[in-house]
file my_file35.csv (CSV, C-alpha atoms)
chain,number,residue,atom,x,y,z
A,1380,MET,CA,-12.2,40.1,17.7
A,1381,ALA,CA,-15.8,41.0,16.9
A,1382,THR,CA,-16.0,37.8,14.8
A,1383,LEU,CA,-14.8,35.7,17.6
A,1384,LYS,CA,-17.2,37.3,20.0
A,1385,SER,CA,-20.1,36.7,17.7
A,1386,CYS,CA,-19.1,33.1,17.3
A,1387,SER,CA,-19.0,32.6,21.1
A,1388,VAL,CA,-22.5,34.1,21.3
A,1389,CYS,CA,-23.7,31.6,18.6
A,1390,LEU,CA,-22.1,28.7,20.4
A,1391,ARG,CA,-23.7,29.8,23.7
A,1392,ASP,CA,-27.1,30.4,22.2
A,1393,SER,CA,-27.1,27.1,20.4
A,1394,ALA,CA,-26.1,25.0,23.5
A,1395,LEU,CA,-27.9,21.7,23.6
A,1396,GLN,CA,-30.9,21.8,25.9
A,1397,LEU,CA,-31.7,18.3,27.2
A,1398,PRO,CA,-35.4,17.5,27.3
A,1399,ARG,CA,-37.3,16.2,30.3
A,1400,HIS,CA,-38.5,12.6,29.7
A,1401,ASN,CA,-42.3,12.5,29.6
A,1402,SER,CA,-44.8,11.2,27.1
A,1403,GLY,CA,-45.9,14.6,25.8
A,1404,ASP,CA,-42.3,15.6,25.1
A,1405,SER,CA,-41.6,12.3,23.3
A,1406,TYR,CA,-44.5,12.9,20.9
A,1407,LYS,CA,-43.3,16.5,20.2
A,1408,ARG,CA,-39.7,15.3,19.6
A,1409,ARG,CA,-40.8,12.7,17.1
A,1410,ASN,CA,-42.8,15.2,15.1
A,1411,ALA,CA,-40.5,18.3,15.4
A,1412,LYS,CA,-38.4,19.5,12.5
A,1413,TRP,CA,-34.7,19.1,13.2
A,1414,ARG,CA,-32.6,22.3,13.1
A,1415,ALA,CA,-28.7,22.4,12.8
A,1416,PRO,CA,-26.9,24.2,15.6
A,1417,GLN,CA,-25.9,27.7,14.5
A,1418,ALA,CA,-22.2,27.0,15.1
A,1419,ALA,CA,-22.2,24.2,12.6
A,1420,VAL,CA,-23.3,26.4,9.7
A,1421,LEU,CA,-21.2,29.5,10.3
A,1422,PRO,CA,-19.5,30.4,7.0
A,1423,ASN,CA,-15.7,30.7,6.7
A,1424,PHE,CA,-15.1,29.6,10.3
A,1425,HIS,CA,-12.0,27.6,9.5
A,1426,LEU,CA,-8.8,29.3,10.6
A,1427,PRO,CA,-5.3,28.1,9.8
A,1428,MET,CA,-3.6,26.3,12.7
A,1429,ARG,CA,-0.3,28.2,12.5
A,1430,SER,CA,2.2,30.0,14.7
A,1431,PHE,CA,4.6,32.8,14.0
A,1432,GLU,CA,6.8,31.8,16.9
A,1433,VAL,CA,8.3,28.7,15.5
A,1434,LYS,CA,11.9,27.8,16.2
A,1435,HIS,CA,14.2,28.2,13.2
A,1436,ARG,CA,11.3,29.6,11.1
A,1437,THR,CA,12.4,30.7,7.7
A,1438,SER,CA,11.0,32.4,4.6
A,1439,ALA,CA,10.6,31.3,1.0
A,1440,GLU,CA,13.6,33.6,0.1
A,1441,ASP,CA,15.9,31.5,2.4
A,1442,ILE,CA,14.8,28.3,0.6
A,1443,LYS,CA,15.3,29.8,-2.9
A,1444,SER,CA,19.1,30.0,-2.5
A,1445,LEU,CA,19.6,26.3,-1.7
A,1446,ARG,CA,21.7,24.4,-4.2
A,1447,LEU,CA,22.2,20.9,-2.8
A,1448,ILE,CA,19.1,19.4,-1.2
A,1449,THR,CA,19.3,15.7,-0.3
A,1450,ALA,CA,16.1,13.5,-0.3
A,1451,ILE,CA,17.3,11.7,2.8
A,1452,LYS,CA,16.9,7.9,3.3
A,1453,THR,CA,14.9,6.6,6.3
A,1454,PRO,CA,16.7,3.6,7.9
A,1455,TYR,CA,15.0,0.9,9.9
A,1456,LEU,CA,15.5,-1.4,12.9
A,1457,PRO,CA,15.0,-5.2,12.3
A,1458,ASP,CA,11.3,-4.9,13.4
A,1459,GLY,CA,10.6,-2.1,10.9
A,1460,ARG,CA,10.6,0.8,13.2
A,1461,PHE,CA,12.8,3.9,12.5
A,1462,ASP,CA,16.5,3.4,13.3
A,1463,LEU,CA,17.1,7.0,14.6
A,1464,GLU,CA,20.7,6.4,15.5
A,1465,ALA,CA,21.5,5.4,11.8
A,1466,TYR,CA,19.2,8.3,10.6
A,1467,ASP,CA,21.1,10.8,12.7
A,1468,ALA,CA,24.4,9.5,11.4
A,1469,LEU,CA,23.1,9.9,7.8
A,1470,VAL,CA,22.0,13.5,8.4
A,1471,ASN,CA,25.3,14.4,10.1
A,1472,MET,CA,27.2,13.0,7.1
A,1473,GLN,CA,25.1,15.3,4.8
A,1474,ILE,CA,25.9,18.3,7.0
A,1475,THR,CA,29.6,17.5,7.1
A,1476,ASN,CA,29.8,17.1,3.3
A,1477,GLY,CA,28.0,20.3,2.5
A,1478,ALA,CA,24.4,19.5,1.8
A,1479,GLU,CA,22.2,22.6,2.6
A,1480,ALA,CA,18.9,20.9,3.2
A,1481,VAL,CA,17.2,17.5,3.5
A,1482,ILE,CA,13.8,16.4,2.3
A,1483,VAL,CA,12.2,14.3,5.2
A,1484,GLY,CA,9.8,11.6,4.3
A,1485,GLY,CA,9.8,12.0,0.6
A,1486,THR,CA,9.7,9.2,-2.0
A,1487,THR,CA,13.3,8.4,-1.2
A,1488,GLY,CA,12.6,8.5,2.5
A,1489,GLU,CA,9.6,6.3,2.0
A,1490,GLY,CA,7.0,8.7,3.3
A,1491,GLN,CA,4.5,6.7,1.4
A,1492,LEU,CA,5.1,3.8,3.8
A,1493,MET,CA,4.8,5.9,7.0
A,1494,SER,CA,1.8,6.7,9.1
A,1495,TRP,CA,1.3,10.4,9.5
A,1496,ASP,CA,2.3,10.0,13.2
A,1497,GLU,CA,5.6,8.6,12.1
A,1498,HIS,CA,6.0,11.2,9.4
A,1499,ILE,CA,5.5,14.2,11.6
A,1500,MET,CA,7.6,12.7,14.4
A,1501,LEU,CA,10.5,12.3,12.0
A,1502,ILE,CA,10.2,15.8,10.8
A,1503,GLY,CA,10.1,17.1,14.4
A,1504,HIS,CA,13.1,14.9,15.3
A,1505,THR,CA,15.1,16.3,12.4
A,1506,VAL,CA,14.3,19.9,13.3
A,1507,ASN,CA,15.0,19.3,17.0
A,1508,CYS,CA,18.4,17.7,16.3
A,1509,PHE,CA,19.7,19.4,13.2
A,1510,GLY,CA,17.4,22.4,12.4
A,1511,GLY,CA,20.2,24.9,13.3
A,1512,SER,CA,22.6,23.4,10.9
A,1513,ILE,CA,20.5,22.4,7.9
A,1514,LYS,CA,17.2,23.3,6.4
A,1515,VAL,CA,14.5,20.7,7.0
A,1516,ILE,CA,11.9,20.4,4.3
A,1517,GLY,CA,9.0,18.1,5.2
A,1518,ASN,CA,7.1,16.1,2.5
A,1519,THR,CA,3.6,16.9,3.7
A,1520,GLY,CA,2.0,16.5,0.3
A,1521,SER,CA,-1.0,14.2,-0.4
A,1522,ASN,CA,-3.5,13.4,-3.0
A,1523,SER,CA,-6.1,14.5,-0.4
A,1524,THR,CA,-6.2,18.2,0.1
A,1525,ARG,CA,-7.5,17.7,3.6
A,1526,GLU,CA,-4.6,15.5,4.5
A,1527,ALA,CA,-2.1,17.8,2.9
A,1528,ILE,CA,-3.4,20.8,4.9
A,1529,HIS,CA,-3.4,18.9,8.1
A,1530,ALA,CA,0.1,17.4,7.7
A,1531,SER,CA,1.5,20.8,6.7
A,1532,GLU,CA,-0.1,22.5,9.7
A,1533,GLN,CA,1.6,19.9,11.9
A,1534,GLY,CA,4.9,20.0,10.1
A,1535,PHE,CA,5.2,23.7,10.5
A,1536,ALA,CA,4.1,23.4,14.1
A,1537,VAL,CA,7.0,21.1,14.8
A,1538,GLY,CA,9.4,23.6,13.1
A,1539,MET,CA,10.0,22.4,9.5
A,1540,HIS,CA,11.4,25.2,7.3
A,1541,ALA,CA,9.4,24.4,4.2
A,1542,ALA,CA,6.9,21.9,2.8
A,1543,LEU,CA,7.2,19.7,-0.3
A,1544,HIS,CA,3.9,19.2,-2.1
A,1545,ILE,CA,3.1,16.9,-5.0
A,1546,ASN,CA,0.1,17.1,-7.2
A,1547,PRO,CA,-2.8,14.8,-6.4
A,1548,TYR,CA,-2.0,11.4,-7.8
A,1549,TYR,CA,-4.1,8.3,-8.8
A,1550,GLY,CA,-7.4,10.2,-8.2
A,1551,LYS,CA,-6.2,12.9,-10.5
A,1552,THR,CA,-8.0,16.3,-10.8
A,1553,SER,CA,-8.4,19.0,-13.4
A,1554,LEU,CA,-6.0,21.9,-13.9
A,1555,ASP,CA,-8.3,24.2,-12.0
A,1556,GLY,CA,-8.3,21.5,-9.3
A,1557,LEU,CA,-4.5,21.6,-9.2
A,1558,ILE,CA,-4.5,25.4,-8.7
A,1559,ALA,CA,-7.2,25.1,-5.9
A,1560,HIS,CA,-5.2,22.3,-4.2
A,1561,PHE,CA,-1.9,24.2,-4.2
A,1562,ASN,CA,-3.5,27.5,-3.2
A,1563,SER,CA,-5.1,25.6,-0.2
A,1564,VAL,CA,-1.7,24.4,1.1
A,1565,ILE,CA,0.7,27.2,0.2
A,1566,SER,CA,-0.7,29.6,2.7
A,1567,MET,CA,0.9,27.5,5.5
A,1568,GLY,CA,4.4,28.5,4.8
A,1569,PRO,CA,7.4,28.2,2.3
A,1570,THR,CA,6.5,25.6,-0.3
A,1571,ILE,CA,8.3,23.6,-3.0
A,1572,ILE,CA,6.0,22.1,-5.6
A,1573,TYR,CA,7.1,18.7,-6.9
A,1574,ASN,CA,6.4,17.7,-10.5
A,1575,VAL,CA,7.1,14.0,-11.3
A,1576,PRO,CA,4.6,12.8,-13.9
A,1577,SER,CA,6.2,9.3,-14.0
A,1578,ARG,CA,4.9,8.7,-10.5
A,1579,THR,CA,1.7,10.8,-10.4
A,1580,GLY,CA,0.5,10.1,-13.9
A,1581,GLN,CA,-0.1,13.9,-14.5
A,1582,ASP,CA,2.1,16.7,-15.5
A,1583,ILE,CA,1.8,20.1,-13.7
A,1584,PRO,CA,2.0,22.4,-16.7
A,1585,PRO,CA,3.6,25.9,-16.5
A,1586,ARG,CA,0.2,27.7,-16.6
A,1587,VAL,CA,-0.7,26.1,-13.3
A,1588,ILE,CA,2.7,27.2,-11.8
A,1589,ASP,CA,2.2,30.7,-13.2
A,1590,ARG,CA,-1.0,31.0,-11.2
A,1591,VAL,CA,0.4,29.6,-8.0
A,1592,ALA,CA,3.6,31.6,-8.3
A,1593,LYS,CA,1.6,34.7,-7.3
A,1594,SER,CA,2.0,33.5,-3.7
A,1595,ALA,CA,5.0,34.8,-1.8
A,1596,ASN,CA,5.2,31.4,-0.1
A,1597,LEU,CA,6.2,29.6,-3.3
A,1598,ALA,CA,9.9,28.8,-2.9
A,1599,GLY,CA,10.2,27.0,-6.2
A,1600,ILE,CA,9.6,23.9,-8.2
A,1601,LYS,CA,11.3,20.4,-8.1
A,1602,GLU,CA,11.0,19.6,-11.8
A,1603,CYS,CA,11.5,16.1,-13.3
A,1604,VAL,CA,10.1,16.7,-16.8
A,1605,GLY,CA,13.5,17.8,-18.2
A,1606,ASN,CA,15.9,20.7,-18.8
A,1607,ASP,CA,13.7,22.5,-21.3
A,1608,ARG,CA,11.0,23.0,-18.7
A,1609,ILE,CA,13.6,24.0,-16.2
A,1610,GLU,CA,14.9,26.7,-18.5
A,1611,GLU,CA,11.3,27.9,-19.2
A,1612,TYR,CA,10.8,28.5,-15.5
A,1613,ALA,CA,14.3,30.1,-15.0
A,1614,ASP,CA,13.6,32.5,-17.8
A,1615,LYS,CA,10.5,33.7,-15.9
A,1616,GLY,CA,12.4,34.1,-12.7
A,1617,ILE,CA,10.8,31.1,-10.9
A,1618,VAL,CA,13.3,29.1,-8.8
A,1619,VAL,CA,13.6,25.5,-10.0
A,1620,TRP,CA,15.6,22.5,-8.8
A,1621,SER,CA,16.4,19.5,-11.0
A,1622,GLY,CA,14.8,16.4,-9.8
A,1623,ASN,CA,16.9,14.2,-12.1
A,1624,ASP,CA,20.4,13.4,-10.9
A,1625,ASP,CA,21.5,12.3,-14.4
A,1626,GLN,CA,20.5,15.8,-15.8
A,1627,CYS,CA,21.4,18.0,-12.8
A,1628,HIS,CA,24.9,19.1,-14.0
A,1629,ASP,CA,23.5,20.5,-17.3
A,1630,ALA,CA,20.4,21.8,-15.6
A,1631,ARG,CA,22.5,23.8,-13.1
A,1632,TRP,CA,25.1,25.2,-15.5
A,1633,SER,CA,23.3,25.4,-18.9
A,1634,HIS,CA,19.6,25.7,-18.2
A,1635,GLY,CA,19.3,28.0,-15.1
A,1636,ALA,CA,18.4,25.6,-12.3
A,1637,THR,CA,19.3,26.8,-8.9
A,1638,GLY,CA,20.4,23.3,-7.8
A,1639,VAL,CA,19.3,19.8,-7.4
A,1640,ILE,CA,17.1,17.8,-5.0
A,1641,SER,CA,19.2,14.6,-5.1
A,1642,VAL,CA,19.0,10.9,-4.3
A,1643,THR,CA,22.6,10.2,-5.3
A,1644,SER,CA,23.9,12.7,-2.6
A,1645,ASN,CA,22.8,10.2,0.0
A,1646,LEU,CA,25.9,8.2,-1.2
A,1647,ILE,CA,28.4,10.8,-2.5
A,1648,PRO,CA,27.3,14.2,-0.9
A,1649,GLY,CA,30.8,15.8,-1.4
A,1650,LEU,CA,30.9,15.0,-5.1
A,1651,MET,CA,27.4,16.3,-5.6
A,1652,ARG,CA,28.2,19.5,-3.8
A,1653,GLU,CA,31.2,19.9,-6.1
A,1654,ILE,CA,29.0,19.5,-9.2
A,1655,MET,CA,26.5,22.1,-7.8
A,1656,PHE,CA,29.0,24.7,-6.6
A,1657,ARG,CA,32.2,24.7,-8.5
A,1658,GLY,CA,31.2,25.3,-12.1
A,1659,LYS,CA,30.9,23.1,-15.2
A,1660,ASN,CA,32.7,19.8,-14.7
A,1661,PRO,CA,31.7,17.4,-17.4
A,1662,SER,CA,34.5,15.0,-16.4
A,1663,LEU,CA,33.2,14.6,-12.8
A,1664,ASN,CA,29.7,14.4,-14.1
A,1665,SER,CA,30.7,11.5,-16.4
A,1666,LYS,CA,32.5,9.8,-13.6
A,1667,ILE,CA,29.3,9.6,-11.4
A,1668,LEU,CA,26.8,8.9,-14.2
A,1669,PRO,CA,27.3,5.1,-14.1
A,1670,LEU,CA,26.4,5.2,-10.4
A,1671,VAL,CA,23.3,7.3,-11.1
A,1672,ASN,CA,22.2,4.9,-13.8
A,1673,TRP,CA,22.8,2.0,-11.4
A,1674,LEU,CA,20.7,3.6,-8.7
A,1675,PHE,CA,17.7,4.1,-11.0
A,1676,GLN,CA,17.6,0.8,-12.8
A,1677,GLU,CA,14.7,-0.1,-10.5
A,1678,PRO,CA,12.2,2.4,-9.0
A,1679,ASN,CA,13.8,4.6,-6.3
A,1680,PRO,CA,14.6,3.9,-3.4
A,1681,ILE,CA,15.4,0.2,-4.1
A,1682,GLY,CA,18.9,0.9,-5.4
A,1683,LEU,CA,19.7,3.5,-2.7
A,1684,ASN,CA,18.5,1.2,0.1
A,1685,THR,CA,20.6,-1.7,-1.3
A,1686,ALA,CA,23.7,0.5,-1.7
A,1687,LEU,CA,23.5,2.0,1.8
A,1688,ALA,CA,23.2,-1.4,3.3
A,1689,GLN,CA,26.2,-2.6,1.3
A,1690,LEU,CA,28.2,0.4,2.6
A,1691,GLY,CA,27.3,-0.6,6.2
A,1692,VAL,CA,25.7,2.7,7.2
A,1693,VAL,CA,22.2,1.3,7.6
A,1694,ARG,CA,20.9,-2.1,8.5
A,1695,PRO,CA,19.8,-4.3,5.5
A,1696,VAL,CA,16.1,-3.9,6.5
A,1697,PHE,CA,13.4,-3.2,3.8
A,1698,ARG,CA,9.8,-2.2,4.4
A,1699,LEU,CA,7.8,-4.1,1.8
A,1700,PRO,CA,6.9,-3.7,-1.0
A,1701,TYR,CA,10.6,-2.8,-1.5
A,1702,VAL,CA,13.1,-5.6,-1.9
A,1703,PRO,CA,16.9,-5.4,-2.4
A,1704,LEU,CA,18.6,-5.5,-5.8
A,1705,PRO,CA,19.7,-9.0,-6.9
A,1706,LEU,CA,23.2,-10.4,-6.3
A,1707,GLU,CA,24.5,-9.5,-9.7
A,1708,LYS,CA,23.5,-5.9,-9.2
A,1709,ARG,CA,25.1,-5.8,-5.8
A,1710,LEU,CA,28.4,-7.1,-7.3
A,1711,GLU,CA,28.2,-4.2,-9.8
A,1712,PHE,CA,27.8,-1.7,-7.0
A,1713,VAL,CA,31.0,-3.0,-5.4
A,1714,ASP,CA,32.9,-2.3,-8.6
A,1715,LEU,CA,31.3,1.2,-8.9
A,1716,VAL,CA,32.6,2.0,-5.4
A,1717,LYS,CA,36.1,0.9,-6.3
A,1718,GLU,CA,36.0,3.0,-9.6
A,1719,ILE,CA,34.7,6.2,-8.0
A,1720,GLY,CA,36.8,5.7,-4.8
A,1721,ARG,CA,35.5,4.5,-1.4
A,1722,GLU,CA,36.6,7.7,0.2
A,1723,ASN,CA,33.9,9.6,-1.8
A,1724,PHE,CA,31.1,7.6,-0.3
A,1725,VAL,CA,29.4,7.9,3.1
A,1726,GLY,CA,30.6,5.7,6.0
A,1727,ASP,CA,33.9,4.2,6.7
A,1728,LYS,CA,33.3,0.5,6.4
A,1729,ASP,CA,34.4,-1.7,3.5
A,1730,VAL,CA,31.7,-2.1,0.9
A,1731,LYS,CA,30.2,-5.6,0.9
A,1732,VAL,CA,28.2,-7.7,-1.5
A,1733,LEU,CA,25.8,-9.1,1.2
A,1734,ASP,CA,24.0,-12.4,0.8
A,1735,ASP,CA,20.4,-12.7,0.1
A,1736,ASP,CA,19.8,-14.0,3.6
A,1737,ASP,CA,21.4,-10.9,5.1
A,1738,PHE,CA,18.3,-8.8,4.1
A,1739,ILE,CA,15.3,-8.5,6.3
A,1740,LEU,CA,11.9,-7.8,4.7
A,1741,VAL,CA,9.2,-6.4,6.9
A,1742,GLY,CA,5.6,-6.4,6.1
A,1743,ARG,CA,4.2,-5.4,9.5
A,1744,TYR,CA,5.7,-2.6,11.5

call {"tool": "encode", "arguments": {"input": "my_file35.csv", "output": "structure tokens"}}
result
Amino acid sequence: MATLKSCSVCLRDSALQLPRHNSGDSYKRRNAKWRAPQAAVLPNFHLPMRSFEVKHRTSAEDIKSLRLITAIKTPYLPDGRFDLEAYDALVNMQITNGAEAVIVGGTTGEGQLMSWDEHIMLIGHTVNCFGGSIKVIGNTGSNSTREAIHASEQGFAVGMHAALHINPYYGKTSLDGLIAHFNSVISMGPTIIYNVPSRTGQDIPPRVIDRVAKSANLAGIKECVGNDRIEEYADKGIVVWSGNDDQCHDARWSHGATGVISVTSNLIPGLMREIMFRGKNPSLNSKILPLVNWLFQEPNPIGLNTALAQLGVVRPVFRLPYVPLPLEKRLEFVDLVKEIGRENFVGDKDVKVLDDDDFILVGRY
């Protein structure tokens, strides 16, 4: 309170005094040395924009127990805006089939193609509609620490349960810079750190996580390097989720992973829950691997977007630069659905091949 009072005094004392316009004053102004207002140079004046009265607020411990987290798809209307009706249906299908959380606006949800206004709106919408039934984890990471802080403040303000943070990509930083970046955002609330070197061009090594893990807000790591790294974290007592659907069965049951943050569960949430909850099942894992491989033959979310459109649960609308898989790959998906069983996939319409002309590609939205 004393600090705030002193700040108010500084602000009052440094209030701008407008000069009278006369020739003598003009001469003095031209030759006077400029001085910064005291309020502009107060040290450590930035305070976190946070509230402890947020609906559905949770702790890092609540996030640590989650086993099936779906990186949810964002569907679009023909003009490229969000299709909230289709989105709500997708989230409801995840809840019905046992997913425990969704990542909103991640790579799969195409957060990289959203404005921050769209991003925060979708997080808030998800919390408002589904926050009592499923954990909402907002992807508020950025390669700009300033943006990551601002987005996380807003995400928690609209009620998200946890944040997902990636390491700064493209304009990469040092290992000390990684630690400083994560320590700057983790104070906002429960946080999952996402390591995917194939996209960022930089691995987050264990020595960085060891430093950041001192914060009680670290819920865990989404790890895409492989199961050896997952086991290393698990042995240290750090919660870790597999970020690779093709490795998640073994990660869960042989390497200590708590669960998976999955793309494939957008399509077959019930089967992915069975893999995460019901013990080793190499037969089921082998059954879904052809689908997983099909999904990732091109960069995610191209395969997923194509598949959901073929299943009739989203409109065949793509925000560029993403484009649908070619006809021969769409034919392969129809065969995969028949092999695995249409009843295991989301939606209730017959799977279709779709013609090239059925797809809408949107460059402005």

call {"tool": "residues_around", "arguments": {"input": "my_file35.csv", "residues": "stretch 1591-1599 of chain A", "least_positions_apart": "6", "cutoff": "12 Å", "atoms": "all atoms listed in the file", "output": "compact mmCIF listing (two decimals) with C-alpha atoms, keeping the file's coordinate frame"}}
result
# COMPACT_ATOMS: atom_id res chain seq x y z
CA THR A 1437 12.40 30.70 7.70
CA SER A 1438 11.00 32.40 4.60
CA ALA A 1439 10.60 31.30 1.00
CA GLU A 1440 13.60 33.60 0.10
CA ASP A 1441 15.90 31.50 2.40
CA ILE A 1442 14.80 28.30 0.60
CA LYS A 1443 15.30 29.80 -2.90
CA SER A 1444 19.10 30.00 -2.50
CA LEU A 1445 19.60 26.30 -1.70
CA ARG A 1446 21.70 24.40 -4.20
CA ILE A 1516 11.90 20.40 4.30
CA HIS A 1540 11.40 25.20 7.30
CA ALA A 1541 9.40 24.40 4.20
CA ALA A 1542 6.90 21.90 2.80
CA LEU A 1543 7.20 19.70 -0.30
CA HIS A 1544 3.90 19.20 -2.10
CA LEU A 1554 -6.00 21.90 -13.90
CA ASP A 1555 -8.30 24.20 -12.00
CA GLY A 1556 -8.30 21.50 -9.30
CA LEU A 1557 -4.50 21.60 -9.20
CA ILE A 1558 -4.50 25.40 -8.70
CA ALA A 1559 -7.20 25.10 -5.90
CA HIS A 1560 -5.20 22.30 -4.20
CA PHE A 1561 -1.90 24.20 -4.20
CA ASN A 1562 -3.50 27.50 -3.20
CA SER A 1563 -5.10 25.60 -0.20
CA VAL A 1564 -1.70 24.40 1.10
CA ILE A 1565 0.70 27.20 0.20
CA SER A 1566 -0.70 29.60 2.70
CA MET A 1567 0.90 27.50 5.50
CA GLY A 1568 4.40 28.50 4.80
CA PRO A 1569 7.40 28.20 2.30
CA THR A 1570 6.50 25.60 -0.30
CA ILE A 1571 8.30 23.60 -3.00
CA ILE A 1572 6.00 22.10 -5.60
CA TYR A 1573 7.10 18.70 -6.90
CA ASN A 1574 6.40 17.70 -10.50
CA ILE A 1583 1.80 20.10 -13.70
CA PRO A 1584 2.00 22.40 -16.70
CA PRO A 1585 3.60 25.90 -16.50
CA ILE A 1609 13.60 24.00 -16.20
CA TYR A 1612 10.80 28.50 -15.50
CA ALA A 1613 14.30 30.10 -15.00
CA LYS A 1615 10.50 33.70 -15.90
CA GLY A 1616 12.40 34.10 -12.70
CA ILE A 1617 10.80 31.10 -10.90
CA VAL A 1618 13.30 29.10 -8.80
CA VAL A 1619 13.60 25.50 -10.00
CA TRP A 1620 15.60 22.50 -8.80
CA SER A 1621 16.40 19.50 -11.00
CA ALA A 1636 18.40 25.60 -12.30
CA THR A 1637 19.30 26.80 -8.90
CA GLY A 1638 20.40 23.30 -7.80
CA VAL A 1639 19.30 19.80 -7.40
CA ILE A 1640 17.10 17.80 -5.00

call {"tool": "residues_near_point", "arguments": {"input": "my_file35.csv", "point": "(17.1, -1.9, 3.5)", "cutoff": "6 Å", "atoms": "all atoms listed in the file", "output": "ChimeraX atom specification"}}
result
/A:1684-1685,1695-1697

call {"tool": "closest_atom_pairs", "arguments": {"input": "my_file35.csv", "of": "stretch 1715-1738 of chain A", "to": "stretch 1643-1654 of chain A", "cutoff": "7 Å", "atoms": "only C-alpha atoms", "output": "CSV"}}
result
residue,atom,partner,partner_atom,distance
A:Asn1723,CA,A:Ile1647,CA,5.7
A:Phe1724,CA,A:Ile1647,CA,4.7
A:Val1725,CA,A:Leu1646,CA,5.6

call {"tool": "write_last_selection", "arguments": {"input": "my_file35.csv", "atoms": "C-alpha atoms", "output": "short mmCIF file (atom, residue, chain, number, x, y, z; two decimals), in the frame of the given file"}}
result
data_model
loop_
_atom_site.label_atom_id
_atom_site.label_comp_id
_atom_site.auth_asym_id
_atom_site.auth_seq_id
_atom_site.Cartn_x
_atom_site.Cartn_y
_atom_site.Cartn_z
CA ASN A 1723 33.90 9.60 -1.80
CA PHE A 1724 31.10 7.60 -0.30
CA VAL A 1725 29.40 7.90 3.10
#

call {"tool": "residues_around", "arguments": {"input": "my_file35.csv", "residues": "A:Leu1740", "least_positions_apart": "6", "cutoff": "10 Å", "atoms": "only C-alpha atoms", "output": "count of residues only"}}
result
12

call {"tool": "atom_distance", "arguments": {"input": "my_file35.csv", "atom1": "atom CA of A:Trp1673", "atom2": "atom CA of A:Asp1734"}}
result
18.9 Å

call {"tool": "atom_distance", "arguments": {"input": "my_file35.csv", "atom1": "atom CA of A:Leu1674", "atom2": "atom CA of A:Ala1630"}}
result
19.5 Å

call {"tool": "atom_distance", "arguments": {"input": "my_file35.csv", "atom1": "atom CA of A:Gly1484", "atom2": "atom CA of A:Met1655"}}
result
23.1 Å

call {"tool": "residues_around", "arguments": {"input": "my_file35.csv", "residues": "A:Leu1710", "least_positions_apart": "5", "cutoff": "9 Å", "atoms": "only C-alpha atoms", "output": "PyMOL selection string"}}
result
chain A and resi 1705+1715+1731-1732

call {"tool": "closest_residue", "arguments": {"input": "my_file35.csv", "among": "A:Arg1525, A:Arg1721, A:Arg1460, A:Lys1452", "to": "A:Asn1679", "atoms": "only C-alpha atoms"}}
result
A:Lys1452

call {"tool": "residues_around", "arguments": {"input": "my_file35.csv", "residues": "A:Asn1522", "least_positions_apart": "3", "cutoff": "9 Å", "atoms": "only C-alpha atoms", "output": "JSON, numbers by chain"}}
result
{"A": [1525, 1526, 1527, 1545, 1546, 1547, 1548, 1549, 1550, 1551]}

call {"tool": "closest_residue", "arguments": {"input": "my_file35.csv", "among": "A:Thr1505, A:Thr1486, A:Ser1553, A:Ser1523", "to": "A:Val1537", "atoms": "all atoms listed in the file"}}
result
A:Thr1505

call {"tool": "residues_around", "arguments": {"input": "my_file35.csv", "residues": "A:Val1515", "least_positions_apart": "4", "cutoff": "8 Å", "atoms": "all atoms listed in the file", "output": "short mmCIF file (atom, residue, chain, number, x, y, z; two decimals) with C-alpha atoms, in the frame of the given file"}}
result
data_model
loop_
_atom_site.label_atom_id
_atom_site.label_comp_id
_atom_site.auth_asym_id
_atom_site.auth_seq_id
_atom_site.Cartn_x
_atom_site.Cartn_y
_atom_site.Cartn_z
CA ALA A 1480 18.90 20.90 3.20
CA VAL A 1481 17.20 17.50 3.50
CA ILE A 1482 13.80 16.40 2.30
CA VAL A 1483 12.20 14.30 5.20
CA ILE A 1502 10.20 15.80 10.80
CA THR A 1505 15.10 16.30 12.40
CA VAL A 1506 14.30 19.90 13.30
CA GLY A 1510 17.40 22.40 12.40
CA MET A 1539 10.00 22.40 9.50
CA HIS A 1540 11.40 25.20 7.30
CA ALA A 1541 9.40 24.40 4.20
#

call {"tool": "closest_residue", "arguments": {"input": "my_file35.csv", "among": "A:Val1693, A:Leu1501, A:Ile1667, A:Leu1704", "to": "A:Gly1720", "atoms": "all atoms listed in the file"}}
result
A:Ile1667

call {"tool": "closest_residue", "arguments": {"input": "my_file35.csv", "among": "A:Ala1688, A:Leu1492, A:Cys1627, A:Ile1719", "to": "A:Asn1660", "atoms": "only C-alpha atoms"}}
result
A:Cys1627
